[in-house]
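Enquirer: Below is the file work-v8.cif, with mmCIF, C-alpha atoms; chains and numbers go by the auth columns.
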```
data_input
loop_
_atom_site.group_PDB
_atom_site.id
_atom_site.type_symbol
_atom_site.label_atom_id
_atom_site.label_comp_id
_atom_site.label_asym_id
_atom_site.label_seq_id
_atom_site.Cartn_x
_atom_site.Cartn_y
_atom_site.Cartn_z
_atom_site.B_iso_or_equiv
_atom_site.auth_seq_id
_atom_site.auth_asym_id
ATOM 1 C CA MET A 1 72.277 -96.328 50.298 0.00 19 K
ATOM 2 C CA ARG A 2 73.390 -93.017 48.855 0.00 20 K
ATOM 3 C CA THR A 3 70.742 -93.101 46.105 0.00 21 K
ATOM 4 C CA THR A 4 68.080 -93.970 48.662 0.00 22 K
ATOM 5 C CA LYS A 5 68.958 -90.837 50.627 0.00 23 K
ATOM 6 C CA LEU A 6 68.910 -88.726 47.460 0.00 24 K
ATOM 7 C CA VAL A 7 65.516 -90.095 46.460 0.00 25 K
ATOM 8 C CA PHE A 8 64.201 -89.546 49.984 0.00 26 K
ATOM 9 C CA PHE A 9 65.337 -85.913 50.078 0.00 27 K
ATOM 10 C CA ALA A 10 64.044 -85.315 46.552 0.00 28 K
ATOM 11 C CA VAL A 11 60.626 -86.625 47.527 0.00 29 K
ATOM 12 C CA ILE A 12 60.604 -84.511 50.699 0.00 30 K
ATOM 13 C CA GLY A 13 61.675 -81.442 48.721 0.00 31 K
ATOM 14 C CA LEU A 14 58.950 -81.959 46.138 0.00 32 K
ATOM 15 C CA ALA A 15 56.366 -82.493 48.861 0.00 33 K
ATOM 16 C CA MET A 16 57.413 -79.250 50.568 0.00 34 K
ATOM 17 C CA LEU A 17 57.305 -77.373 47.270 0.00 35 K
ATOM 18 C CA GLU A 18 53.864 -78.754 46.458 0.00 36 K
ATOM 19 C CA PHE A 19 52.622 -77.874 49.955 0.00 37 K
ATOM 20 C CA SER A 20 53.854 -74.282 49.726 0.00 38 K
ATOM 21 C CA LEU A 21 52.381 -73.847 46.251 0.00 39 K
ATOM 22 C CA GLY A 22 49.124 -75.366 47.431 0.00 40 K
ATOM 23 C CA GLN A 23 48.985 -72.885 50.328 0.00 41 K
ATOM 24 C CA ALA A 24 49.537 -69.969 47.957 0.00 42 K
ATOM 25 C CA CYS A 25 46.824 -71.210 45.593 0.00 43 K
ATOM 26 C CA ASN A 26 44.408 -71.802 48.468 0.00 44 K
ATOM 27 C CA SER A 27 44.910 -68.297 49.835 0.00 45 K
ATOM 28 C CA VAL A 28 44.229 -66.787 46.403 0.00 46 K
ATOM 29 C CA ALA A 29 41.186 -69.006 45.940 0.00 47 K
ATOM 30 C CA ALA A 30 39.891 -68.079 49.378 0.00 48 K
ATOM 31 C CA THR A 31 40.000 -64.378 48.575 0.00 49 K
ATOM 32 C CA THR A 32 38.365 -64.681 45.150 0.00 50 K
ATOM 33 C CA ALA A 33 35.810 -67.430 45.734 0.00 51 K
ATOM 34 C CA PRO A 34 32.313 -66.295 46.687 0.00 52 K
ATOM 35 C CA LYS A 35 31.402 -67.085 50.259 0.00 53 K
ATOM 36 C CA THR A 36 28.403 -69.319 50.555 0.00 54 K
ATOM 37 C CA SER A 37 26.454 -70.229 53.625 0.00 55 K
ATOM 38 C CA HIS A 38 24.726 -73.513 54.196 0.00 56 K
ATOM 39 C CA ALA A 39 22.636 -72.081 57.014 0.00 57 K
ATOM 40 C CA SER A 40 18.937 -71.652 56.470 0.00 58 K
ATOM 41 C CA PRO A 41 17.798 -68.067 55.905 0.00 59 K
ATOM 42 C CA LYS A 42 16.543 -66.418 59.067 0.00 60 K
ATOM 43 C CA ILE A 43 13.614 -64.084 59.295 0.00 61 K
ATOM 44 C CA ALA A 44 14.463 -60.873 61.145 0.00 62 K
ATOM 45 C CA SER A 45 12.511 -60.287 64.327 0.00 63 K
ATOM 46 C CA PRO A 46 10.817 -56.893 64.852 0.00 64 K
ATOM 47 C CA ALA A 47 13.610 -55.882 67.266 0.00 65 K
ATOM 48 C CA LYS A 48 16.210 -56.620 64.582 0.00 66 K
ATOM 49 C CA LYS A 49 14.254 -54.557 62.073 0.00 67 K
ATOM 50 C CA ILE A 50 14.094 -51.661 64.551 0.00 68 K
ATOM 51 C CA ALA A 51 17.836 -51.892 65.231 0.00 69 K
ATOM 52 C CA LYS A 52 18.747 -52.038 61.555 0.00 70 K
ATOM 53 C CA LYS A 53 16.486 -49.092 60.803 0.00 71 K
ATOM 54 C CA SER A 54 17.767 -47.015 63.714 0.00 72 K
ATOM 55 C CA HIS A 55 21.432 -47.671 62.911 0.00 73 K
ATOM 56 C CA ALA A 56 20.925 -46.604 59.339 0.00 74 K
ATOM 57 C CA VAL A 57 19.432 -43.304 60.481 0.00 75 K
ATOM 58 C CA VAL A 58 21.478 -42.606 63.642 0.00 76 K
ATOM 59 C CA ARG A 59 24.454 -41.154 61.771 0.00 77 K
ATOM 60 C CA SER A 60 22.401 -38.077 60.920 0.00 78 K
ATOM 61 C CA HIS A 61 20.727 -37.645 64.337 0.00 79 K
ATOM 62 C CA LYS A 62 21.007 -34.331 66.146 0.00 80 K
ATOM 63 C CA SER A 63 20.276 -33.335 69.727 0.00 81 K
ATOM 64 C CA GLY A 64 16.642 -33.935 70.601 0.00 82 K
ATOM 65 C CA SER A 65 16.141 -36.823 68.165 0.00 83 K
ATOM 66 C CA SER A 66 15.221 -40.318 69.306 0.00 84 K
ATOM 67 C CA LEU A 67 15.601 -44.014 68.421 0.00 85 K
ATOM 68 C CA ASN A 68 13.841 -47.193 69.541 0.00 86 K
ATOM 69 C CA GLY A 69 15.421 -50.600 70.021 0.00 87 K
ATOM 70 C CA VAL A 70 16.649 -53.254 72.416 0.00 88 K
ATOM 71 C CA ALA A 71 19.025 -52.390 75.247 0.00 89 K
ATOM 72 C CA VAL A 72 21.106 -54.971 77.110 0.00 90 K
ATOM 73 C CA VAL A 73 23.305 -54.923 80.215 0.00 91 K
ATOM 74 C CA TYR A 74 27.099 -55.022 79.846 0.00 92 K
ATOM 75 C CA SER A 75 28.750 -58.265 80.819 0.00 93 K
ATOM 76 C CA ASP A 76 30.444 -58.351 84.229 0.00 94 K
ATOM 77 C CA ARG A 77 33.538 -59.756 82.463 0.00 95 K
ATOM 78 C CA LEU A 78 34.206 -56.285 81.017 0.00 96 K
ATOM 79 C CA ASN A 79 34.364 -54.577 84.421 0.00 97 K
ATOM 80 C CA GLY A 80 37.739 -52.827 84.804 0.00 98 K
ATOM 81 C CA ARG A 81 38.731 -53.079 81.133 0.00 99 K
ATOM 82 C CA LYS A 82 39.409 -50.050 78.983 0.00 100 K
ATOM 83 C CA THR A 83 36.577 -48.752 76.834 0.00 101 K
ATOM 84 C CA ALA A 84 36.869 -47.209 73.380 0.00 102 K
ATOM 85 C CA SER A 85 37.159 -43.784 75.016 0.00 103 K
ATOM 86 C CA GLY A 86 40.147 -44.923 77.081 0.00 104 K
ATOM 87 C CA GLN A 87 38.282 -44.891 80.404 0.00 105 K
ATOM 88 C CA ARG A 88 38.079 -47.980 82.606 0.00 106 K
ATOM 89 C CA PHE A 89 34.617 -49.536 82.486 0.00 107 K
ATOM 90 C CA SER A 90 32.741 -49.705 85.763 0.00 108 K
ATOM 91 C CA GLN A 91 29.315 -51.256 86.294 0.00 109 K
ATOM 92 C CA LYS A 92 28.686 -48.552 88.944 0.00 110 K
ATOM 93 C CA GLN A 93 28.891 -45.614 86.505 0.00 111 K
ATOM 94 C CA LEU A 94 26.057 -44.383 84.303 0.00 112 K
ATOM 95 C CA THR A 95 27.688 -45.209 80.978 0.00 113 K
ATOM 96 C CA ALA A 96 26.733 -46.998 77.792 0.00 114 K
ATOM 97 C CA ALA A 97 28.054 -48.323 74.492 0.00 115 K
ATOM 98 C CA HIS A 98 26.669 -47.433 71.079 0.00 116 K
ATOM 99 C CA ARG A 99 27.997 -48.366 67.650 0.00 117 K
ATOM 100 C CA THR A 100 27.859 -45.011 65.877 0.00 118 K
ATOM 101 C CA LEU A 101 27.113 -42.133 68.256 0.00 119 K
ATOM 102 C CA PRO A 102 30.180 -40.015 69.032 0.00 120 K
ATOM 103 C CA LEU A 103 31.974 -40.862 72.264 0.00 121 K
ATOM 104 C CA GLY A 104 30.963 -38.445 75.007 0.00 122 K
ATOM 105 C CA THR A 105 27.380 -38.073 73.742 0.00 123 K
ATOM 106 C CA LYS A 106 24.764 -37.815 76.495 0.00 124 K
ATOM 107 C CA VAL A 107 21.700 -39.978 75.882 0.00 125 K
ATOM 108 C CA ARG A 108 18.455 -40.414 77.838 0.00 126 K
ATOM 109 C CA VAL A 109 17.416 -44.071 77.853 0.00 127 K
ATOM 110 C CA THR A 110 13.741 -44.711 78.643 0.00 128 K
ATOM 111 C CA ASN A 111 12.317 -48.188 79.258 0.00 129 K
ATOM 112 C CA VAL A 112 9.233 -48.360 77.036 0.00 130 K
ATOM 113 C CA ARG A 113 7.432 -50.777 79.375 0.00 131 K
ATOM 114 C CA ASN A 114 7.660 -48.820 82.659 0.00 132 K
ATOM 115 C CA GLN A 115 8.674 -45.308 81.439 0.00 133 K
ATOM 116 C CA GLN A 116 11.681 -45.172 83.814 0.00 134 K
ATOM 117 C CA SER A 117 14.634 -43.301 82.360 0.00 135 K
ATOM 118 C CA VAL A 118 18.310 -42.596 82.979 0.00 136 K
ATOM 119 C CA ASP A 119 20.850 -40.247 81.408 0.00 137 K
ATOM 120 C CA VAL A 120 24.065 -41.982 80.318 0.00 138 K
ATOM 121 C CA VAL A 121 27.279 -41.018 78.539 0.00 139 K
ATOM 122 C CA ILE A 122 28.439 -43.024 75.520 0.00 140 K
ATOM 123 C CA ASN A 123 32.013 -44.114 76.279 0.00 141 K
ATOM 124 C CA ASP A 124 32.356 -47.381 74.369 0.00 142 K
ATOM 125 C CA ARG A 125 31.472 -49.138 71.110 0.00 143 K
ATOM 126 C CA GLY A 126 28.919 -51.907 70.814 0.00 144 K
ATOM 127 C CA PRO A 127 26.702 -53.855 71.142 0.00 145 K
ATOM 128 C CA TRP A 128 27.901 -56.243 68.480 0.00 146 K
ATOM 129 C CA HIS A 129 24.893 -58.578 68.484 0.00 147 K
ATOM 130 C CA ALA A 130 22.179 -58.094 65.894 0.00 148 K
ATOM 131 C CA GLY A 131 19.012 -56.435 67.079 0.00 149 K
ATOM 132 C CA ARG A 132 20.561 -54.434 69.926 0.00 150 K
ATOM 133 C CA ILE A 133 21.153 -50.692 69.879 0.00 151 K
ATOM 134 C CA ILE A 134 22.793 -49.947 73.233 0.00 152 K
ATOM 135 C CA ASP A 135 24.717 -51.654 76.060 0.00 153 K
ATOM 136 C CA LEU A 136 24.048 -50.207 79.513 0.00 154 K
ATOM 137 C CA SER A 137 26.133 -50.466 82.661 0.00 155 K
ATOM 138 C CA ALA A 138 24.495 -52.319 85.573 0.00 156 K
ATOM 139 C CA ALA A 139 23.830 -49.034 87.412 0.00 157 K
ATOM 140 C CA ALA A 140 22.043 -47.556 84.395 0.00 158 K
ATOM 141 C CA ALA A 141 20.091 -50.782 83.815 0.00 159 K
ATOM 142 C CA ALA A 142 18.922 -50.778 87.441 0.00 160 K
ATOM 143 C CA GLN A 143 17.592 -47.222 87.089 0.00 161 K
ATOM 144 C CA VAL A 144 15.430 -48.156 84.099 0.00 162 K
ATOM 145 C CA GLY A 145 14.226 -51.378 85.730 0.00 163 K
ATOM 146 C CA MET A 146 15.889 -53.912 83.441 0.00 164 K
ATOM 147 C CA HIS A 147 18.565 -55.260 85.797 0.00 165 K
ATOM 148 C CA LYS A 148 16.640 -58.506 86.419 0.00 166 K
ATOM 149 C CA THR A 149 15.847 -59.350 82.802 0.00 167 K
ATOM 150 C CA GLY A 150 19.032 -57.902 81.323 0.00 168 K
ATOM 151 C CA LYS A 151 17.184 -56.782 78.208 0.00 169 K
ATOM 152 C CA ALA A 152 14.426 -54.279 77.438 0.00 170 K
ATOM 153 C CA LEU A 153 12.858 -52.301 74.621 0.00 171 K
ATOM 154 C CA VAL A 154 13.994 -48.711 75.081 0.00 172 K
ATOM 155 C CA LYS A 155 13.742 -45.264 73.550 0.00 173 K
ATOM 156 C CA LEU A 156 16.994 -43.298 73.161 0.00 174 K
ATOM 157 C CA GLU A 157 16.909 -39.498 73.143 0.00 175 K
ATOM 158 C CA ILE A 158 20.123 -37.732 72.195 0.00 176 K
ATOM 159 C CA LEU A 159 20.550 -34.894 74.698 0.00 177 K
ATOM 160 C CA ASN A 160 23.784 -33.481 73.269 0.00 178 K
ATOM 161 C CA GLU A 161 26.488 -34.746 70.956 0.00 179 K
ATOM 162 C CA SER A 162 30.106 -34.506 71.983 0.00 180 K
ATOM 163 C CA ALA A 163 32.114 -31.779 70.299 0.00 181 K
ATOM 164 C CA VAL A 164 34.898 -34.288 69.698 0.00 182 K
ATOM 165 C CA ASN A 165 34.029 -37.233 67.467 0.00 183 K
ATOM 166 C CA ASN A 166 36.323 -40.081 68.572 0.00 184 K
ATOM 167 C CA SER A 167 34.528 -42.797 66.642 0.00 185 K
#
```
Now that the file is in, can you turn its structure into structure tokens?

Expert:
Amino acid sequence: MRTTKLVFFAVIGLAMLEFSLGQACNSVAATTAPKTSHASPKIASPAKKIAKKSHAVVRSHKSGSSLNGVAVVYSDRLNGRKTASGQRFSQKQLTAAHRTLPLGTKVRVTNVRNQQSVDVVINDRGPWHAGRIIDLSAAAAAQVGMHKTGKALVKLEILNESAVNNS
């Protein structure tokens, strides 16, 4: 009986040791192994090409410069949450999110289809989906006529950059 217990605990101990060593080896292998994808390659749509191009250039934009791309409306789920600037997000304010423009930057967003425009302040980061260059609050989206579709091709004009870069 005593030897059975010893053998049992020895086996359990070895199994635990092997498991912990296996975890360590797997974590090292995961960091050094190349990541491969089994998904089929996707062809970028024109909107994605515009967004990629505009994001590559936007870091050097000054007041008066412009970008083209797809704008979307913020999700209602984000209403009341803090933005990257520390303010509470409200769908009723004329605000927007952009990945790289400094927080506090004023931007004129013009719907390319109907030429309606609105001036917004960048107070958050995003959008995080490929092919999109700006997230607009519901109030801003309504002023450019995209509140029904939730998405539109827009032109962004940087009116003035914030003196404080909080990005």

Enquirer: Put a box with edges along x, y and z around all the listed atoms of stretch 118-135 of chain K, pad it by 5 Å on each side, then give me its centre and sizes in Å, one decimal, as AutoDock Vina command-line options.

Expert:
```
--center_x 19.7 --center_y -44.3 --center_z 74.8 --size_x 34.5 --size_y 23.0 --size_z 27.9
```

Enquirer: Considering only C-alpha atoms, state which residue in the set K:Ile151, K:Ala158, K:Ile30, K:Ala89 is at the smallest distance from K:Leu119.

Expert: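 Looking at the shortest contact to K:Leu119, the residue is K:Ile151.
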
Enquirer: Applied to the shown file, which residues does the PyMOL selection byres ((chain K and resi 169-175) around 6) return, written as a PyMOL selection string?

Expert: chain K and resi 83-90+125-130+167-168+176

Enquirer: List the neighbours of K:Asn141 out to 8 Å using all atoms listed in the file; skip same-chain residues closer than 3 positions along the sequence, and give me the result as a list of chain:residue names.

Expert: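 Everything that qualifies: K:Thr101, K:Ala102, K:Ser103, K:Gln105, K:Thr113, K:Ala114, K:Ala115, K:Leu121, K:Gly122.
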
Enquirer: One decimal, Å: what's the distance from atom CA of K:Gly163 over to atom CA of K:Gly104, could you say?

Expert: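 Those two atoms sit 28.1 Å apart.
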
Enquirer: In terms of the shortest atom-to-atom distance over all atoms listed in the file, which of K:Arg143, K:Lys124, K:Lys166, K:Arg131 is closest to K:Phe107?

Expert: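 Under the stated criterion, the closest residue is K:Arg143.
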
Enquirer: Quick one: distance from atom CA of K:Gly98 to atom CA of K:Val162 in Å, one decimal?

Expert: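 So the answer is 22.8 Å.
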
Enquirer: Mind giving me the straight-line distance from atom CA of K:Glu179 to atom CA of K:Ser155 in Å, one decimal?

Expert: 19.6 Å
